>>> print(open('structure_20.cif').read())   # mmCIF, C-alpha atoms and all ligand atoms
data_start
loop_
_atom_site.group_PDB
_atom_site.id
_atom_site.type_symbol
_atom_site.label_atom_id
_atom_site.label_comp_id
_atom_site.auth_asym_id
_atom_site.auth_seq_id
_atom_site.Cartn_x
_atom_site.Cartn_y
_atom_site.Cartn_z
ATOM 1 C CA MET T 1 61.169 73.278 -57.095
ATOM 2 C CA LYS T 2 63.709 70.772 -55.889
ATOM 3 C CA GLU T 3 62.298 68.125 -53.602
ATOM 4 C CA ILE T 4 63.995 67.245 -50.324
ATOM 5 C CA VAL T 5 63.111 63.899 -48.786
ATOM 6 C CA LEU T 6 63.789 63.582 -45.061
ATOM 7 C CA ARG T 7 63.525 60.696 -42.656
ATOM 8 C CA ALA T 8 60.907 62.504 -40.601
ATOM 9 C CA GLY T 9 57.632 61.141 -39.268
ATOM 10 C CA PRO T 10 54.896 62.921 -37.349
ATOM 11 C CA GLY T 11 56.419 64.743 -34.377
ATOM 12 C CA THR T 12 60.012 64.684 -35.694
ATOM 13 C CA ALA T 13 61.746 67.991 -34.917
ATOM 14 C CA VAL T 14 62.786 69.092 -38.404
ATOM 15 C CA GLN T 15 65.308 71.992 -38.319
ATOM 16 C CA PHE T 16 64.470 75.215 -40.141
ATOM 17 C CA PRO T 17 66.807 78.156 -40.815
ATOM 18 C CA GLY T 18 65.962 81.280 -38.773
ATOM 19 C CA ARG T 19 65.108 83.021 -42.030
ATOM 20 C CA CYS T 20 61.861 83.746 -43.839
ATOM 21 C CA VAL T 21 60.958 80.917 -46.187
ATOM 22 C CA HIS T 22 59.791 83.452 -48.782
ATOM 23 C CA CYS T 23 62.181 86.437 -48.689
ATOM 24 C CA ASP T 24 65.185 85.433 -46.485
ATOM 25 C CA LYS T 25 64.670 88.220 -43.905
ATOM 26 C CA PRO T 26 65.069 87.232 -40.210
ATOM 27 C CA ALA T 27 62.085 85.126 -39.207
ATOM 28 C CA SER T 28 59.794 86.082 -36.343
ATOM 29 C CA ALA T 29 56.650 84.084 -37.077
ATOM 30 C CA MET T 30 55.496 80.662 -38.174
ATOM 31 C CA MET T 31 53.267 79.703 -41.061
ATOM 32 C CA PRO T 32 51.571 76.310 -40.831
ATOM 33 C CA ILE T 33 51.699 74.252 -44.002
ATOM 34 C CA GLN T 34 49.875 70.996 -44.364
ATOM 35 C CA THR T 35 49.127 68.223 -46.763
ATOM 36 C CA ALA T 36 46.378 65.658 -46.411
ATOM 37 C CA ARG T 37 46.373 62.134 -47.743
ATOM 38 C CA GLY T 38 43.101 60.373 -47.113
ATOM 39 C CA TYR T 39 42.370 60.835 -43.428
ATOM 40 C CA LEU T 40 46.027 61.470 -42.577
ATOM 41 C CA ALA T 41 47.561 64.930 -42.564
ATOM 42 C CA ARG T 42 51.055 66.232 -41.943
ATOM 43 C CA ARG T 43 51.198 69.755 -40.518
ATOM 44 C CA ILE T 44 54.435 71.669 -39.936
ATOM 45 C CA GLY T 45 55.230 75.312 -39.107
ATOM 46 C CA VAL T 46 57.749 77.064 -41.376
ATOM 47 C CA PRO T 47 59.532 80.344 -40.455
ATOM 48 C CA LEU T 48 58.246 83.636 -41.811
ATOM 49 C CA CYS T 49 59.396 87.250 -41.336
ATOM 50 C CA ALA T 50 57.088 89.849 -39.781
ATOM 51 C CA GLY T 51 56.371 91.487 -43.160
ATOM 52 C CA CYS T 52 55.385 88.280 -44.918
ATOM 53 C CA ASP T 53 53.352 87.166 -41.899
ATOM 54 C CA LEU T 54 51.371 90.424 -42.095
ATOM 55 C CA GLU T 55 50.905 90.014 -45.852
ATOM 56 C CA ARG T 56 49.736 86.435 -45.348
ATOM 57 C CA ARG T 57 46.978 87.564 -42.967
ATOM 58 C CA ARG T 58 45.840 90.560 -45.013
ATOM 59 C CA LEU T 59 42.604 90.119 -46.930
ATOM 60 C CA SER T 60 42.402 91.412 -50.480
ATOM 61 C CA ALA T 61 39.243 93.237 -51.528
ATOM 62 C CA ALA T 62 38.276 90.153 -53.534
ATOM 63 C CA GLU T 63 38.711 87.909 -50.502
ATOM 64 C CA GLU T 64 36.589 90.234 -48.375
ATOM 65 C CA ARG T 65 33.846 90.202 -51.017
ATOM 66 C CA GLN T 66 33.906 86.394 -51.123
ATOM 67 C CA GLN T 67 33.666 86.144 -47.345
ATOM 68 C CA LYS T 68 30.761 88.594 -47.208
ATOM 69 C CA LEU T 69 29.003 86.763 -50.025
ATOM 70 C CA ARG T 70 29.401 83.489 -48.169
ATOM 71 C CA LEU T 71 27.847 84.914 -44.988
ATOM 72 C CA LEU T 72 25.045 86.533 -46.959
ATOM 73 C CA LEU T 73 24.225 83.300 -48.795
ATOM 74 C CA LEU T 74 24.190 81.317 -45.573
ATOM 75 C CA ALA T 75 22.051 83.881 -43.772
ATOM 76 C CA LEU T 76 19.510 84.087 -46.613
ATOM 77 C CA LEU T 77 19.346 80.506 -47.830
ATOM 78 C CA LEU T 78 19.440 78.419 -44.694
ATOM 79 C CA PRO T 79 16.321 79.771 -42.944
ATOM 80 C CA VAL T 80 14.358 79.409 -46.218
ATOM 81 C CA LEU T 81 15.628 75.873 -46.722
ATOM 82 C CA PHE T 82 14.821 74.990 -43.127
ATOM 83 C CA ALA T 83 11.246 76.251 -43.517
ATOM 84 C CA LEU T 84 10.763 74.518 -46.888
ATOM 85 C CA VAL T 85 11.953 71.132 -45.665
ATOM 86 C CA LEU T 86 9.732 71.502 -42.618
ATOM 87 C CA LEU T 87 6.773 72.146 -44.950
ATOM 88 C CA VAL T 88 7.370 69.233 -47.315
ATOM 89 C CA THR T 89 8.156 66.510 -44.748
ATOM 90 C CA PRO T 90 5.102 64.253 -44.284
ATOM 91 C CA ALA T 91 2.747 65.492 -41.601
ATOM 92 C CA ALA T 92 2.515 61.891 -40.340
ATOM 93 C CA TYR T 93 6.001 62.269 -38.872
ATOM 94 C CA SER T 94 6.274 63.717 -35.409
ATOM 95 C CA PHE T 95 7.026 67.427 -35.343
ATOM 96 C CA LEU T 96 10.324 66.737 -33.575
ATOM 97 C CA LEU T 97 11.430 64.393 -36.380
ATOM 98 C CA ARG T 98 10.466 66.975 -39.002
ATOM 99 C CA LEU T 99 12.458 69.628 -37.124
ATOM 100 C CA LEU T 100 15.418 67.265 -37.042
ATOM 101 C CA ILE T 101 15.228 66.512 -40.788
ATOM 102 C CA ALA T 102 14.995 70.252 -41.552
ATOM 103 C CA ALA T 103 17.950 71.036 -39.287
ATOM 104 C CA VAL T 104 20.126 68.270 -40.773
ATOM 105 C CA SER T 105 19.301 69.436 -44.325
ATOM 106 C CA ALA T 106 20.169 73.043 -43.469
ATOM 107 C CA VAL T 107 23.463 72.027 -41.831
ATOM 108 C CA ALA T 108 24.391 69.804 -44.806
ATOM 109 C CA VAL T 109 23.673 72.489 -47.407
ATOM 110 C CA GLY T 110 25.379 75.113 -45.220
ATOM 111 C CA GLY T 111 28.447 72.879 -45.016
ATOM 112 C CA ILE T 112 28.583 72.480 -48.803
ATOM 113 C CA ILE T 113 28.306 76.252 -49.347
ATOM 114 C CA TRP T 114 31.045 76.828 -46.762
ATOM 115 C CA LEU T 115 33.353 74.307 -48.475
ATOM 116 C CA VAL T 116 32.755 75.693 -51.961
ATOM 117 C CA PHE T 117 33.905 79.117 -50.740
ATOM 118 C CA GLN T 118 36.816 77.592 -48.834
ATOM 119 C CA VAL T 119 38.059 76.155 -52.152
ATOM 120 C CA ARG T 120 37.475 79.433 -54.046
ATOM 121 C CA LEU T 121 39.030 81.770 -51.470
ATOM 122 C CA PRO T 122 42.786 81.151 -52.073
ATOM 123 C CA ALA T 123 42.415 82.224 -55.721
ATOM 124 C CA ALA T 124 41.021 85.580 -54.563
ATOM 125 C CA ALA T 125 44.219 86.372 -52.654
ATOM 126 C CA LEU T 126 46.763 88.865 -54.012
ATOM 127 C CA PRO T 127 49.646 87.297 -56.007
ATOM 128 C CA GLU T 128 52.127 88.242 -53.258
ATOM 129 C CA LYS T 129 50.088 86.371 -50.665
ATOM 130 C CA GLN T 130 49.757 83.362 -52.940
ATOM 131 C CA ALA T 131 53.541 83.359 -53.425
ATOM 132 C CA ILE T 132 54.102 83.361 -49.641
ATOM 133 C CA ARG T 133 51.595 80.567 -49.140
ATOM 134 C CA THR T 134 53.214 78.394 -51.792
ATOM 135 C CA ALA T 135 56.832 79.168 -50.772
ATOM 136 C CA ALA T 136 56.969 75.911 -48.823
ATOM 137 C CA ARG T 137 55.137 72.705 -49.525
ATOM 138 C CA ILE T 138 54.917 69.206 -48.170
ATOM 139 C CA ARG T 139 54.833 67.192 -51.382
ATOM 140 C CA HIS T 140 54.473 63.711 -49.924
ATOM 141 C CA PHE T 141 54.627 62.030 -46.573
ATOM 142 C CA SER T 142 54.522 58.566 -45.112
ATOM 143 C CA ARG T 143 54.937 57.279 -41.578
ATOM 144 C CA GLY T 144 58.697 57.779 -41.628
ATOM 145 C CA ARG T 145 59.347 60.224 -44.456
ATOM 146 C CA THR T 146 58.387 63.739 -45.440
ATOM 147 C CA THR T 147 59.112 65.348 -48.811
ATOM 148 C CA PHE T 148 59.572 69.129 -48.735
ATOM 149 C CA ALA T 149 59.828 71.618 -51.589
ATOM 150 C CA PHE T 150 60.821 75.296 -51.244
ATOM 151 C CA ALA T 151 60.473 77.972 -53.908
ATOM 152 C CA ASN T 152 63.462 79.928 -52.541
ATOM 153 C CA PRO T 153 66.735 78.150 -53.542
ATOM 154 C CA SER T 154 68.882 79.683 -50.775
ATOM 155 C CA PHE T 155 66.366 78.655 -48.116
ATOM 156 C CA SER T 156 66.241 75.217 -49.683
ATOM 157 C CA ALA T 157 70.066 74.916 -49.529
ATOM 158 C CA ARG T 158 70.197 76.015 -45.863
ATOM 159 C CA PHE T 159 67.398 73.630 -44.967
ATOM 160 C CA LEU T 160 69.286 70.792 -46.643
ATOM 161 C CA GLU T 161 72.437 71.684 -44.670
ATOM 162 C CA LEU T 162 70.616 71.804 -41.317
ATOM 163 C CA ASN T 163 68.944 68.439 -41.865
ATOM 164 C CA HIS T 164 71.734 66.651 -43.757
ATOM 165 C CA ASP T 165 71.688 63.703 -41.325
ATOM 166 C CA ARG T 166 68.033 63.032 -42.170
ATOM 167 C CA VAL T 167 68.219 63.417 -45.944
ATOM 168 C CA VAL T 168 67.168 60.426 -48.018
ATOM 169 C CA GLU T 169 69.046 60.293 -51.333
ATOM 170 C CA THR T 170 66.615 60.120 -54.242
ATOM 171 C CA PRO T 171 67.202 60.223 -58.012
ATOM 172 C CA SER T 172 65.829 63.783 -58.146
ATOM 173 C CA SER T 173 68.034 65.026 -55.274
ATOM 174 C CA THR T 174 71.267 63.611 -56.719
ATOM 175 C CA ALA T 175 70.517 64.673 -60.298
ATOM 176 C CA SER T 176 70.480 68.420 -59.646
HETATM 177 ZN ZN ZN R 1 59.534 87.364 -45.584
#
>>> encode(input="structure_20.cif", output="structure tokens")
Amino acid sequence: MKEIVLRAGPGTAVQFPGRCVHCDKPASAMMPIQTARGYLARRIGVPLCAGCDLERRRLSAAEERQQKLRLLLLALLLPVLFALVLLVTPAAYSFLLRLLIAAVSAVAVGGIIWLVFQVRLPAAALPEKQAIRTAARIRHFSRGRTTFAFANPSFSARFLELNHDRVVETPSSTAS
């Protein structure tokens, strides 16, 4: 994937072709892409056609299983954990404090379970959906610059044309 570096900070109106970033059909939807760096994140909507937008939202059987498993685990584990922590906290503490400790423990463990599944879920998607999701990426960003990469070369060329006045020349962009 060729990288395109633009002079574009948060809130800069970057121009996108009116074509699907994945398959070049006329675009009718937006797909948010984002990259996080520490506590900063850059989030931008890229154009998608109706077909790819539908595909992007469709859950594969594997994804559905993962989501059900996550709910099941949370529903089974958290009440047990809550009760256990309540039992093992010292009786010298006030009941309210023990309730609080049990609730915080349950929320923390629930959060970890949720995150673990959040990380596993994308791999359960169908290859077509994964291809759509990775068709556009924000590779890097800083306050004044954003580096884009597109899997589709014709989209990449049109994007470059539309934003030529913002392009930052880099060794990788002049080499190819
Ligand atoms: Zn498409």
>>> residues_near_ligand(input="structure_20.cif", ligand="ligand ZN 1 (chain R)", cutoff="12 Å", atoms="all atoms listed in the file", output="VMD selection string")
chain T and resid 18 to 31 46 to 56 128 to 129 131 to 133 135 152 155
>>> atom_distance(input="structure_20.cif", atom1="atom CA of Asp165 of chain T", atom2="atom CA of Gly144 of chain T")
14.3 Å
>>> atom_distance(input="structure_20.cif", atom1="atom CA of Gly11 of chain T", atom2="atom CA of Ser156 of chain T")
21.0 Å
>>> residues_around(input="structure_20.cif", residues="Arg137 of chain T", least_positions_apart="4", cutoff="7 Å", atoms="all atoms listed in the file", output="PyMOL selection string")
chain T and resi 33+148-150
>>> write_last_selection(input="structure_20.cif", atoms="C-alpha atoms", output="PDB file, in the coordinates of the input")
ATOM      1  CA  ILE T  33      51.699  74.252 -44.002  1.00  0.00           C
ATOM      2  CA  PHE T 148      59.572  69.129 -48.735  1.00  0.00           C
ATOM      3  CA  ALA T 149      59.828  71.618 -51.589  1.00  0.00           C
ATOM      4  CA  PHE T 150      60.821  75.296 -51.244  1.00  0.00           C
TER       5      PHE T 150
END
>>> atom_distance(input="structure_20.cif", atom1="atom CA of Arg120 of chain T", atom2="atom CA of Ala108 of chain T")
18.7 Å
>>> residues_around(input="structure_20.cif", residues="segment 162-164 of chain T", least_positions_apart="5", cutoff="12 Å", atoms="only C-alpha atoms", output="PyMOL selection string")
chain T and resi 4-8+12-18+148+155-157+169
>>> closest_residue(input="structure_20.cif", among="T:Gln67, T:Thr35, T:Thr89, T:Gln118", to="Arg139 of chain T", atoms="all atoms listed in the file")
T:Thr35
>>> resolve_selection(input="structure_20.cif", expression="the PyMOL selection byres (((chain T and resi 79) around 12) and not hetatm)", output="PyMOL selection string")
chain T and resi 72-78+80-86+102-103+105-107+109-110
>>> residues_around(input="structure_20.cif", residues="Gly9 of chain T", least_positions_apart="6", cutoff="12 Å", atoms="all atoms listed in the file", output="list in words")
Ala41, Arg42, Arg43, Ile44, His140, Phe141, Ser142, Arg143, Gly144, Arg145, Thr146, Thr147 and Arg166 of chain T
>>> axis_aligned_box(input="structure_20.cif", around="segment 50-56 of chain T", padding_each_side="5 Å", output="lines of an AutoDock Vina configuration file")
center_x = 53.4
center_y = 89.0
center_z = -42.8
size_x = 17.4
size_y = 15.1
size_z = 16.1
>>> closest_residue(input="structure_20.cif", among="T:Arg70, T:Arg37, T:Lys2, T:Arg65", to="Ala136 of chain T", atoms="only C-alpha atoms")
T:Lys2
>>> closest_residue(input="structure_20.cif", among="T:Gln66, T:Gly38, T:Ser154, T:Val167", to="Val116 of chain T", atoms="only C-alpha atoms")
T:Gln66
>>> closest_residue(input="structure_20.cif", among="T:Ala151, T:Ile138, T:Glu3, T:Phe159", to="Ala36 of chain T", atoms="only C-alpha atoms")
T:Ile138
>>> build_atoms(input="structure_20.cif", residues="segment 1-26 of chain T", atoms="N, CA and C atoms", output="compact mmCIF listing (two decimals), in the frame of the given file")
# COMPACT_ATOMS: atom_id res chain seq x y z
N MET T 1 60.84 73.42 -58.52
CA MET T 1 61.17 73.28 -57.10
C MET T 1 61.85 71.94 -56.85
N LYS T 2 62.98 72.00 -56.21
CA LYS T 2 63.71 70.77 -55.89
C LYS T 2 63.07 70.11 -54.66
N GLU T 3 62.91 68.82 -54.73
CA GLU T 3 62.30 68.12 -53.60
C GLU T 3 63.36 67.61 -52.64
N ILE T 4 63.09 67.73 -51.35
CA ILE T 4 64.00 67.24 -50.32
C ILE T 4 63.25 66.20 -49.50
N VAL T 5 63.76 64.97 -49.53
CA VAL T 5 63.11 63.90 -48.79
C VAL T 5 63.87 63.68 -47.48
N LEU T 6 63.15 63.78 -46.37
CA LEU T 6 63.79 63.58 -45.06
C LEU T 6 63.20 62.36 -44.35
N ARG T 7 64.06 61.71 -43.57
CA ARG T 7 63.52 60.70 -42.66
C ARG T 7 62.88 61.46 -41.50
N ALA T 8 61.61 61.73 -41.62
CA ALA T 8 60.91 62.50 -40.60
C ALA T 8 59.45 62.08 -40.57
N GLY T 9 59.02 61.56 -39.44
CA GLY T 9 57.63 61.14 -39.27
C GLY T 9 56.87 62.22 -38.53
N PRO T 10 55.64 61.93 -38.13
CA PRO T 10 54.90 62.92 -37.35
C PRO T 10 55.62 63.17 -36.03
N GLY T 11 55.79 64.41 -35.66
CA GLY T 11 56.42 64.74 -34.38
C GLY T 11 57.94 64.85 -34.43
N THR T 12 58.56 64.52 -35.57
CA THR T 12 60.01 64.68 -35.69
C THR T 12 60.34 66.18 -35.73
N ALA T 13 61.36 66.58 -34.94
CA ALA T 13 61.75 67.99 -34.92
C ALA T 13 62.64 68.29 -36.12
N VAL T 14 62.03 68.70 -37.22
CA VAL T 14 62.79 69.09 -38.40
C VAL T 14 63.38 70.48 -38.15
N GLN T 15 64.65 70.70 -38.56
CA GLN T 15 65.31 71.99 -38.32
C GLN T 15 65.02 72.96 -39.47
N PHE T 16 64.66 74.19 -39.11
CA PHE T 16 64.47 75.22 -40.14
C PHE T 16 65.46 76.35 -39.92
N PRO T 17 65.97 76.97 -40.98
CA PRO T 17 66.81 78.16 -40.82
C PRO T 17 66.00 79.26 -40.13
N GLY T 18 66.67 80.19 -39.43
CA GLY T 18 65.96 81.28 -38.77
C GLY T 18 65.63 82.40 -39.73
N ARG T 19 65.37 82.04 -40.97
CA ARG T 19 65.11 83.02 -42.03
C ARG T 19 63.74 82.80 -42.63
N CYS T 20 63.18 83.84 -43.21
CA CYS T 20 61.86 83.75 -43.84
C CYS T 20 61.93 82.81 -45.05
N VAL T 21 60.98 81.91 -45.12
CA VAL T 21 60.96 80.92 -46.19
C VAL T 21 60.70 81.58 -47.56
N HIS T 22 60.12 82.77 -47.53
CA HIS T 22 59.79 83.45 -48.78
C HIS T 22 60.87 84.45 -49.21
N CYS T 23 61.32 85.32 -48.27
CA CYS T 23 62.18 86.44 -48.69
C CYS T 23 63.54 86.50 -47.99
N ASP T 24 63.86 85.50 -47.13
CA ASP T 24 65.18 85.43 -46.48
C ASP T 24 65.43 86.44 -45.36
N LYS T 25 64.47 87.30 -45.04
CA LYS T 25 64.67 88.22 -43.90
C LYS T 25 64.60 87.41 -42.60
N PRO T 26 65.13 87.97 -41.47
CA PRO T 26 65.07 87.23 -40.21
C PRO T 26 63.63 86.85 -39.86
